[in-house]
$ cat data.pdb   # PDB, C-alpha atoms
ATOM      1  CA  MET A   1     -12.663 -32.359   5.362
ATOM      2  CA  THR A   2     -11.462 -28.924   4.282
ATOM      3  CA  LEU A   3      -9.643 -26.965   6.936
ATOM      4  CA  PRO A   4     -10.755 -23.357   7.495
ATOM      5  CA  GLN A   5      -8.469 -20.646   6.154
ATOM      6  CA  THR A   6      -7.271 -17.692   8.186
ATOM      7  CA  PRO A   7      -8.379 -14.426   6.551
ATOM      8  CA  SER A   8      -5.574 -12.353   5.116
ATOM      9  CA  PHE A   9      -3.915  -9.566   7.069
ATOM     10  CA  SER A  10      -2.270  -8.335   3.861
ATOM     11  CA  LEU A  11      -3.124  -4.834   2.670
ATOM     12  CA  THR A  12      -1.402  -5.169  -0.693
ATOM     13  CA  GLY A  13      -3.229  -3.134  -3.321
ATOM     14  CA  LYS A  14      -4.989  -0.966  -0.735
ATOM     15  CA  ARG A  15      -4.654   2.798  -0.344
ATOM     16  CA  ALA A  16      -4.615   4.165   3.204
ATOM     17  CA  LEU A  17      -4.973   7.728   4.462
ATOM     18  CA  VAL A  18      -3.429   8.288   7.886
ATOM     19  CA  THR A  19      -3.914  11.655   9.574
ATOM     20  CA  GLY A  20      -1.766  12.771  12.474
ATOM     21  CA  ALA A  21       0.957  10.765  10.763
ATOM     22  CA  SER A  22       3.878  13.020  11.663
ATOM     23  CA  SER A  23       4.394  11.538  15.149
ATOM     24  CA  GLY A  24       3.153   9.220  17.862
ATOM     25  CA  ILE A  25       0.273   6.847  17.225
ATOM     26  CA  GLY A  26      -0.359   8.191  13.725
ATOM     27  CA  LEU A  27       3.217   7.526  12.692
ATOM     28  CA  GLY A  28       3.066   4.017  14.150
ATOM     29  CA  CYS A  29      -0.161   3.280  12.291
ATOM     30  CA  ALA A  30       1.262   4.569   9.010
ATOM     31  CA  VAL A  31       4.306   2.329   9.302
ATOM     32  CA  ALA A  32       2.208  -0.680  10.313
ATOM     33  CA  LEU A  33      -0.081  -0.283   7.294
ATOM     34  CA  GLY A  34       2.896   0.263   5.020
ATOM     35  CA  GLN A  35       4.600  -2.872   6.293
ATOM     36  CA  ALA A  36       1.364  -4.786   5.632
ATOM     37  CA  GLY A  37       1.506  -3.736   1.981
ATOM     38  CA  ALA A  38      -0.711  -0.651   1.764
ATOM     39  CA  THR A  39       0.224   2.487  -0.133
ATOM     40  CA  VAL A  40       0.073   5.053   2.655
ATOM     41  CA  THR A  41      -0.784   8.718   2.276
ATOM     42  CA  LEU A  42       0.715  10.547   5.243
ATOM     43  CA  ALA A  43      -1.356  13.534   6.371
ATOM     44  CA  ALA A  44      -0.582  16.187   8.980
ATOM     45  CA  ARG A  45       0.158  19.905   9.114
ATOM     46  CA  SER A  46       3.952  19.583   8.985
ATOM     47  CA  LYS A  47       4.998  18.951   5.386
ATOM     48  CA  ASP A  48       8.717  18.737   6.205
ATOM     49  CA  LYS A  49       8.186  16.013   8.808
ATOM     50  CA  LEU A  50       5.919  14.097   6.461
ATOM     51  CA  ASN A  51       8.452  14.251   3.640
ATOM     52  CA  ASP A  52      11.144  12.875   5.928
ATOM     53  CA  ILE A  53       8.901  10.040   7.131
ATOM     54  CA  ALA A  54       7.791   9.193   3.594
ATOM     55  CA  GLN A  55      11.424   8.993   2.497
ATOM     56  CA  GLN A  56      12.313   6.700   5.399
ATOM     57  CA  MET A  57       9.350   4.456   4.621
ATOM     58  CA  THR A  58      10.282   4.341   0.941
ATOM     59  CA  ASP A  59      13.879   3.508   1.832
ATOM     60  CA  ALA A  60      12.552   0.629   3.951
ATOM     61  CA  GLY A  61      10.644  -0.797   0.986
ATOM     62  CA  MET A  62       7.223   0.666   1.743
ATOM     63  CA  SER A  63       5.058   2.858  -0.480
ATOM     64  CA  ALA A  64       4.224   6.298   0.914
ATOM     65  CA  ASP A  65       3.245   9.766  -0.255
ATOM     66  CA  VAL A  66       2.424  13.036   1.481
ATOM     67  CA  LEU A  67      -0.718  15.162   1.854
ATOM     68  CA  PRO A  68      -0.335  18.244   4.102
ATOM     69  CA  LEU A  69      -3.656  18.601   5.902
ATOM     70  CA  ASP A  70      -5.301  20.303   8.874
ATOM     71  CA  VAL A  71      -8.267  18.102   9.787
ATOM     72  CA  SER A  72      -9.974  20.980  11.597
ATOM     73  CA  ASP A  73     -10.200  22.869   8.280
ATOM     74  CA  ILE A  74     -13.302  21.085   7.000
ATOM     75  CA  ARG A  75     -13.471  22.623   3.530
ATOM     76  CA  ALA A  76      -9.798  22.050   2.760
ATOM     77  CA  THR A  77      -9.887  18.501   4.134
ATOM     78  CA  THR A  78     -13.007  17.574   2.169
ATOM     79  CA  GLY A  79     -11.488  18.948  -1.024
ATOM     80  CA  ALA A  80      -8.156  17.208  -0.491
ATOM     81  CA  VAL A  81      -9.783  13.831   0.179
ATOM     82  CA  ALA A  82     -11.978  14.169  -2.911
ATOM     83  CA  ALA A  83      -9.013  15.144  -5.086
ATOM     84  CA  ASN A  84      -6.673  12.423  -3.848
ATOM     85  CA  GLY A  85      -9.013   9.511  -3.092
ATOM     86  CA  PRO A  86     -10.663   7.146  -2.981
ATOM     87  CA  PHE A  87      -8.932   5.613   0.003
ATOM     88  CA  ASP A  88      -9.687   2.024   0.989
ATOM     89  CA  ILE A  89      -8.553   2.662   4.552
ATOM     90  CA  LEU A  90      -8.744   5.670   6.858
ATOM     91  CA  VAL A  91      -6.873   5.943  10.124
ATOM     92  CA  ASN A  92      -7.607   9.247  11.802
ATOM     93  CA  ALA A  93      -5.027   9.757  14.531
ATOM     94  CA  ALA A  94      -5.111  13.565  14.497
ATOM     95  CA  GLY A  95      -6.029  14.795  17.951
ATOM     96  CA  LEU A  96      -5.659  17.564  20.520
ATOM     97  CA  ALA A  97      -5.726  17.541  24.312
ATOM     98  CA  ILE A  98      -5.971  20.623  26.527
ATOM     99  CA  HIS A  99      -6.566  19.395  30.061
ATOM    100  CA  THR A 100      -8.021  21.589  32.818
ATOM    101  CA  PRO A 101     -10.504  21.276  35.655
ATOM    102  CA  VAL A 102     -14.036  21.915  34.411
ATOM    103  CA  LEU A 103     -14.300  25.268  36.168
ATOM    104  CA  ASP A 104     -11.111  26.433  34.434
ATOM    105  CA  THR A 105     -12.146  25.433  30.896
ATOM    106  CA  LYS A 106     -11.729  28.322  28.462
ATOM    107  CA  GLU A 107     -14.142  28.535  25.555
ATOM    108  CA  PRO A 108     -11.388  28.871  22.904
ATOM    109  CA  ASP A 109      -9.756  25.698  24.267
ATOM    110  CA  PHE A 110     -13.106  23.894  24.210
ATOM    111  CA  ASP A 111     -13.622  24.936  20.598
ATOM    112  CA  ALA A 112     -10.098  23.963  19.509
ATOM    113  CA  VAL A 113     -10.336  20.462  20.993
ATOM    114  CA  SER A 114     -13.882  19.913  19.724
ATOM    115  CA  ASN A 115     -13.151  21.231  16.236
ATOM    116  CA  LEU A 116     -10.352  18.722  15.716
ATOM    117  CA  ASN A 117     -11.311  15.696  17.804
ATOM    118  CA  PHE A 118     -15.041  15.665  17.036
ATOM    119  CA  LYS A 119     -16.053  17.942  14.158
ATOM    120  CA  GLY A 120     -12.898  17.320  12.145
ATOM    121  CA  ALA A 121     -13.084  13.564  12.682
ATOM    122  CA  TYR A 122     -16.753  13.500  11.656
ATOM    123  CA  PHE A 123     -16.306  15.324   8.366
ATOM    124  CA  LEU A 124     -13.037  13.540   7.546
ATOM    125  CA  THR A 125     -14.698  10.146   7.999
ATOM    126  CA  ARG A 126     -17.647  11.318   5.906
ATOM    127  CA  ALA A 127     -15.347  12.574   3.140
ATOM    128  CA  VAL A 128     -13.460   9.270   2.874
ATOM    129  CA  ALA A 129     -16.735   7.332   2.924
ATOM    130  CA  LYS A 130     -18.166   9.516   0.151
ATOM    131  CA  GLY A 131     -15.176   8.724  -2.029
ATOM    132  CA  LEU A 132     -15.719   5.010  -1.484
ATOM    133  CA  ILE A 133     -19.451   5.242  -2.129
ATOM    134  CA  ASP A 134     -18.935   7.212  -5.347
ATOM    135  CA  ALA A 135     -16.410   4.600  -6.502
ATOM    136  CA  GLY A 136     -18.635   1.681  -5.459
ATOM    137  CA  LYS A 137     -15.911   0.296  -3.176
ATOM    138  CA  PRO A 138     -15.900  -1.194   0.328
ATOM    139  CA  GLY A 139     -13.520   0.120   2.949
ATOM    140  CA  SER A 140     -12.382   0.257   6.549
ATOM    141  CA  LEU A 141     -12.566   3.568   8.407
ATOM    142  CA  ILE A 142     -10.812   3.776  11.778
ATOM    143  CA  ASN A 143     -10.792   6.657  14.236
ATOM    144  CA  ILE A 144      -8.318   6.655  17.111
ATOM    145  CA  THR A 145     -10.267   7.634  20.198
ATOM    146  CA  SER A 146      -9.222   6.737  23.757
ATOM    147  CA  GLN A 147     -10.106   4.671  26.782
ATOM    148  CA  MET A 148     -11.476   8.054  27.900
ATOM    149  CA  ALA A 149     -14.300   7.462  25.418
ATOM    150  CA  TYR A 150     -15.650   4.953  27.969
ATOM    151  CA  VAL A 151     -14.657   6.415  31.331
ATOM    152  CA  GLY A 152     -14.038   9.794  32.890
ATOM    153  CA  GLY A 153     -10.648  11.229  33.729
ATOM    154  CA  ILE A 154      -9.036  13.867  35.901
ATOM    155  CA  ASP A 155      -9.120  17.324  34.229
ATOM    156  CA  ARG A 156     -10.374  15.691  31.025
ATOM    157  CA  ALA A 157     -14.049  16.646  30.693
ATOM    158  CA  VAL A 158     -13.647  18.277  27.273
ATOM    159  CA  TYR A 159     -11.332  15.561  25.936
ATOM    160  CA  CYS A 160     -13.631  12.796  27.228
ATOM    161  CA  GLY A 161     -16.648  14.522  25.701
ATOM    162  CA  THR A 162     -15.079  14.644  22.253
ATOM    163  CA  LYS A 163     -13.984  11.026  22.355
ATOM    164  CA  HIS A 164     -17.399   9.842  23.572
ATOM    165  CA  ALA A 165     -18.866  11.755  20.626
ATOM    166  CA  VAL A 166     -16.668   9.947  18.098
ATOM    167  CA  GLU A 167     -17.774   6.599  19.492
ATOM    168  CA  GLY A 168     -21.373   7.710  18.987
ATOM    169  CA  PHE A 169     -21.073   8.757  15.374
ATOM    170  CA  THR A 170     -19.014   5.636  14.617
ATOM    171  CA  LYS A 171     -22.008   3.471  15.504
ATOM    172  CA  ALA A 172     -24.405   5.586  13.444
ATOM    173  CA  MET A 173     -22.133   5.657  10.387
ATOM    174  CA  ALA A 174     -21.613   1.901  10.631
ATOM    175  CA  ILE A 175     -25.380   1.406  10.475
ATOM    176  CA  GLU A 176     -25.741   3.710   7.447
ATOM    177  CA  TRP A 177     -22.915   2.256   5.380
ATOM    178  CA  GLY A 178     -22.852  -1.399   6.404
ATOM    179  CA  LYS A 179     -24.781  -2.619   3.357
ATOM    180  CA  LEU A 180     -22.216  -0.851   1.175
ATOM    181  CA  GLY A 181     -19.354  -2.825   2.704
ATOM    182  CA  ILE A 182     -17.908   0.203   4.495
ATOM    183  CA  ARG A 183     -16.880  -0.639   8.035
ATOM    184  CA  VAL A 184     -16.407   2.030  10.718
ATOM    185  CA  ASN A 185     -14.609   1.248  13.986
ATOM    186  CA  THR A 186     -12.417   2.844  16.620
ATOM    187  CA  ILE A 187      -9.251   2.019  18.512
ATOM    188  CA  CYS A 188      -9.259   3.205  22.126
ATOM    189  CA  PRO A 189      -5.756   3.305  23.607
ATOM    190  CA  THR A 190      -4.731   3.863  27.181
ATOM    191  CA  PHE A 191      -1.894   6.301  27.869
ATOM    192  CA  ILE A 192       0.663   5.739  25.112
ATOM    193  CA  ARG A 193       4.041   7.390  25.435
ATOM    194  CA  THR A 194       4.044  10.008  22.661
ATOM    195  CA  PRO A 195       4.877  13.719  22.350
ATOM    196  CA  LEU A 196       1.183  14.483  23.018
ATOM    197  CA  THR A 197       1.159  12.627  26.362
ATOM    198  CA  GLU A 198       4.639  13.613  27.545
ATOM    199  CA  PRO A 199       3.389  16.506  29.757
ATOM    200  CA  THR A 200       1.231  14.015  31.674
ATOM    201  CA  PHE A 201       4.262  11.818  32.355
ATOM    202  CA  GLN A 202       6.075  14.805  33.859
ATOM    203  CA  ASN A 203       3.457  14.927  36.642
ATOM    204  CA  PRO A 204       4.194  12.335  39.381
ATOM    205  CA  ASP A 205       0.598  12.380  40.637
ATOM    206  CA  ARG A 206      -0.726  11.606  37.174
ATOM    207  CA  VAL A 207       1.821   8.823  36.663
ATOM    208  CA  LYS A 208       0.740   7.280  39.986
ATOM    209  CA  TRP A 209      -2.917   7.466  38.894
ATOM    210  CA  ILE A 210      -2.108   5.864  35.526
ATOM    211  CA  MET A 211      -0.107   3.021  37.013
ATOM    212  CA  GLU A 212      -2.858   2.271  39.524
ATOM    213  CA  LYS A 213      -5.343   1.907  36.670
ATOM    214  CA  ILE A 214      -3.328  -0.102  34.131
ATOM    215  CA  LYS A 215      -3.520  -3.728  35.237
ATOM    216  CA  LEU A 216      -0.575  -4.854  33.101
ATOM    217  CA  ASP A 217       1.683  -2.525  35.107
ATOM    218  CA  ARG A 218       3.285  -0.649  32.223
ATOM    219  CA  ILE A 219       2.752   2.404  30.064
ATOM    220  CA  GLY A 220       1.551   1.772  26.526
ATOM    221  CA  GLU A 221       3.919   2.045  23.581
ATOM    222  CA  VAL A 222       3.137   3.017  19.999
ATOM    223  CA  SER A 223       3.887  -0.567  18.943
ATOM    224  CA  ASP A 224       0.880  -1.708  21.010
ATOM    225  CA  ILE A 225      -1.408   0.000  18.483
ATOM    226  CA  MET A 226       0.310  -1.223  15.317
ATOM    227  CA  GLY A 227      -1.039  -4.782  15.331
ATOM    228  CA  PRO A 228      -4.633  -3.773  16.100
ATOM    229  CA  VAL A 229      -4.718  -1.172  13.311
ATOM    230  CA  VAL A 230      -3.605  -3.731  10.724
ATOM    231  CA  TYR A 231      -6.270  -6.116  12.009
ATOM    232  CA  LEU A 232      -9.065  -3.540  11.684
ATOM    233  CA  ALA A 233      -7.847  -2.396   8.268
ATOM    234  CA  SER A 234      -7.660  -5.929   6.866
ATOM    235  CA  ASP A 235     -10.055  -8.710   5.900
ATOM    236  CA  ALA A 236      -9.213 -10.398   9.196
ATOM    237  CA  SER A 237     -11.815  -8.117  10.828
ATOM    238  CA  ALA A 238     -14.385  -8.391   8.025
ATOM    239  CA  LEU A 239     -17.345  -8.835  10.402
ATOM    240  CA  MET A 240     -16.430  -5.933  12.698
ATOM    241  CA  THR A 241     -18.206  -2.601  12.352
ATOM    242  CA  GLY A 242     -19.718  -0.032  14.674
ATOM    243  CA  THR A 243     -17.542  -1.137  17.547
ATOM    244  CA  HIS A 244     -14.186  -0.497  19.207
ATOM    245  CA  MET A 245     -10.962  -2.129  20.303
ATOM    246  CA  LEU A 246      -9.884  -1.159  23.813
ATOM    247  CA  ILE A 247      -6.088  -1.283  24.020
ATOM    248  CA  ASP A 248      -6.040  -0.147  27.614
ATOM    249  CA  GLY A 249      -4.032  -2.627  29.651
ATOM    250  CA  GLY A 250      -7.166  -3.465  31.620
ATOM    251  CA  TRP A 251      -7.980   0.137  32.636
ATOM    252  CA  THR A 252     -11.713  -0.259  31.930
ATOM    253  CA  ALA A 253     -11.967  -3.760  33.417
ATOM    254  CA  ASP A 254     -13.016  -2.328  36.804
TER     255      ASP A 254
END
$ encode --input "data.pdb" --output "structure tokens"
Amino acid sequence: MTLPQTPSFSLTGKRALVTGASSGIGLGCAVALGQAGATVTLAARSKDKLNDIAQQMTDAGMSADVLPLDVSDIRATTGAVAANGPFDILVNAAGLAIHTPVLDTKEPDFDAVSNLNFKGAYFLTRAVAKGLIDAGKPGSLINITSQMAYVGGIDRAVYCGTKHAVEGFTKAMAIEWGKLGIRVNTICPTFIRTPLTEPTFQNPDRVKWIMEKIKLDRIGEVSDIMGPVVYLASDASALMTGTHMLIDGGWTAD
């Protein structure tokens, strides 16, 4: 009898593009992929922050380089991905949240959130996939969405709409590219303590709401996303595409 072998979680020899890598979840994902052996291209708008992070990763024995990028600038992003790819792995953690009641939503805010969270994510994912297709390579494309891609939330109609949209195009892209070995999935975190979510944690009413919803009775940490992103990027998840991983502490179990 031959015992089954656990698929490898190693990313040695893989190239990963991580957007939103200058802080929060994006930074955590970049480090996780780097520790798993990938060469990580750090992308965000802040070149100075990226250079500092890349140096720290290099000093820790990881392989990292820098690509200043604004995901909402479709033409520039498409060109940069084409010039620097192909990338075996994409983790798109770039995101924007402007929370207001529906009746207070301003059109410029709607456009800003949609242009980054939905439109930018769509064309970024397409650009990385095109590089893989042209090179005849498989790959794993991961968008960071939110538990709010599956439920509604207070003052979050625009944010929820954009994250629901990413879940939709993830399924369609997975269908299109599955036979090419390109997998497309999402990670859907609950509230993770990051600079982006800090204003929410300054509001006692919102904190009470969050703690009532999270069954594990604690706020999420960036480290909670690091294991799942390595799993989705690696051969350990080879049969997963067009789906999502809810890292929500039980929020959506109701």
$ residues_around --input "data.pdb" --residues "Arg218 in chain A" --least-positions-apart "4" --cutoff "9 Å" --atoms "all atoms listed in the file" --output "list in words"
Met211, Ile214 and Gly249 of chain A
$ atom_distance --input "data.pdb" --atom1 "CA of Val66 in chain A" --atom2 "CA of Asn92 in chain A"
14.9 Å
$ residues_near_point --input "data.pdb" --point "(-15.8, 2.2, 8.4)" --cutoff "9 Å" --atoms "only C-alpha atoms" --output "PyMOL selection string"
chain A and resi 89-90+125+129+138-143+170+173-174+177-178+181-186+241-242
$ atom_distance --input "data.pdb" --atom1 "CA of Asp48 in chain A" --atom2 "CA of Leu132 in chain A"
29.1 Å
$ residues_around --input "data.pdb" --residues "Gly20 in chain A" --least-positions-apart "5" --cutoff "7 Å" --atoms "all atoms listed in the file" --output "ChimeraX atom specification"
/A:26,43-44,92-94
$ residues_near_point --input "data.pdb" --point "(-7.5, -17.4, 9.6)" --cutoff "12 Å" --atoms "all atoms listed in the file" --output "PyMOL selection string"
chain A and resi 3-10+231+234-238
$ resolve_selection --input "data.pdb" --expression "the PyMOL selection byres ((chain A and resi 197) around 12)" --output "short mmCIF file (atom, residue, chain, number, x, y, z; two decimals) with C-alpha atoms, keeping the file's coordinate frame"
data_model
loop_
_atom_site.label_atom_id
_atom_site.label_comp_id
_atom_site.auth_asym_id
_atom_site.auth_seq_id
_atom_site.Cartn_x
_atom_site.Cartn_y
_atom_site.Cartn_z
CA SER A 23 4.39 11.54 15.15
CA GLY A 24 3.15 9.22 17.86
CA ILE A 25 0.27 6.85 17.23
CA GLY A 95 -6.03 14.80 17.95
CA LEU A 96 -5.66 17.56 20.52
CA ALA A 97 -5.73 17.54 24.31
CA ILE A 98 -5.97 20.62 26.53
CA HIS A 99 -6.57 19.40 30.06
CA PRO A 189 -5.76 3.30 23.61
CA THR A 190 -4.73 3.86 27.18
CA PHE A 191 -1.89 6.30 27.87
CA ILE A 192 0.66 5.74 25.11
CA ARG A 193 4.04 7.39 25.44
CA THR A 194 4.04 10.01 22.66
CA PRO A 195 4.88 13.72 22.35
CA LEU A 196 1.18 14.48 23.02
CA GLU A 198 4.64 13.61 27.54
CA PRO A 199 3.39 16.51 29.76
CA THR A 200 1.23 14.02 31.67
CA PHE A 201 4.26 11.82 32.35
CA GLN A 202 6.08 14.80 33.86
CA ASN A 203 3.46 14.93 36.64
CA ARG A 206 -0.73 11.61 37.17
CA VAL A 207 1.82 8.82 36.66
CA ILE A 210 -2.11 5.86 35.53
CA ILE A 219 2.75 2.40 30.06
CA GLY A 220 1.55 1.77 26.53
CA GLU A 221 3.92 2.04 23.58
CA VAL A 222 3.14 3.02 20.00
#
$ closest_residue --input "data.pdb" --among "A:Asp248, A:Asp88, A:Glu212, A:Asp134" --to "Ala16 in chain A" --atoms "only C-alpha atoms"
A:Asp88
$ atom_distance --input "data.pdb" --atom1 "CA of Ser146 in chain A" --atom2 "CA of Asp205 in chain A"
20.3 Å
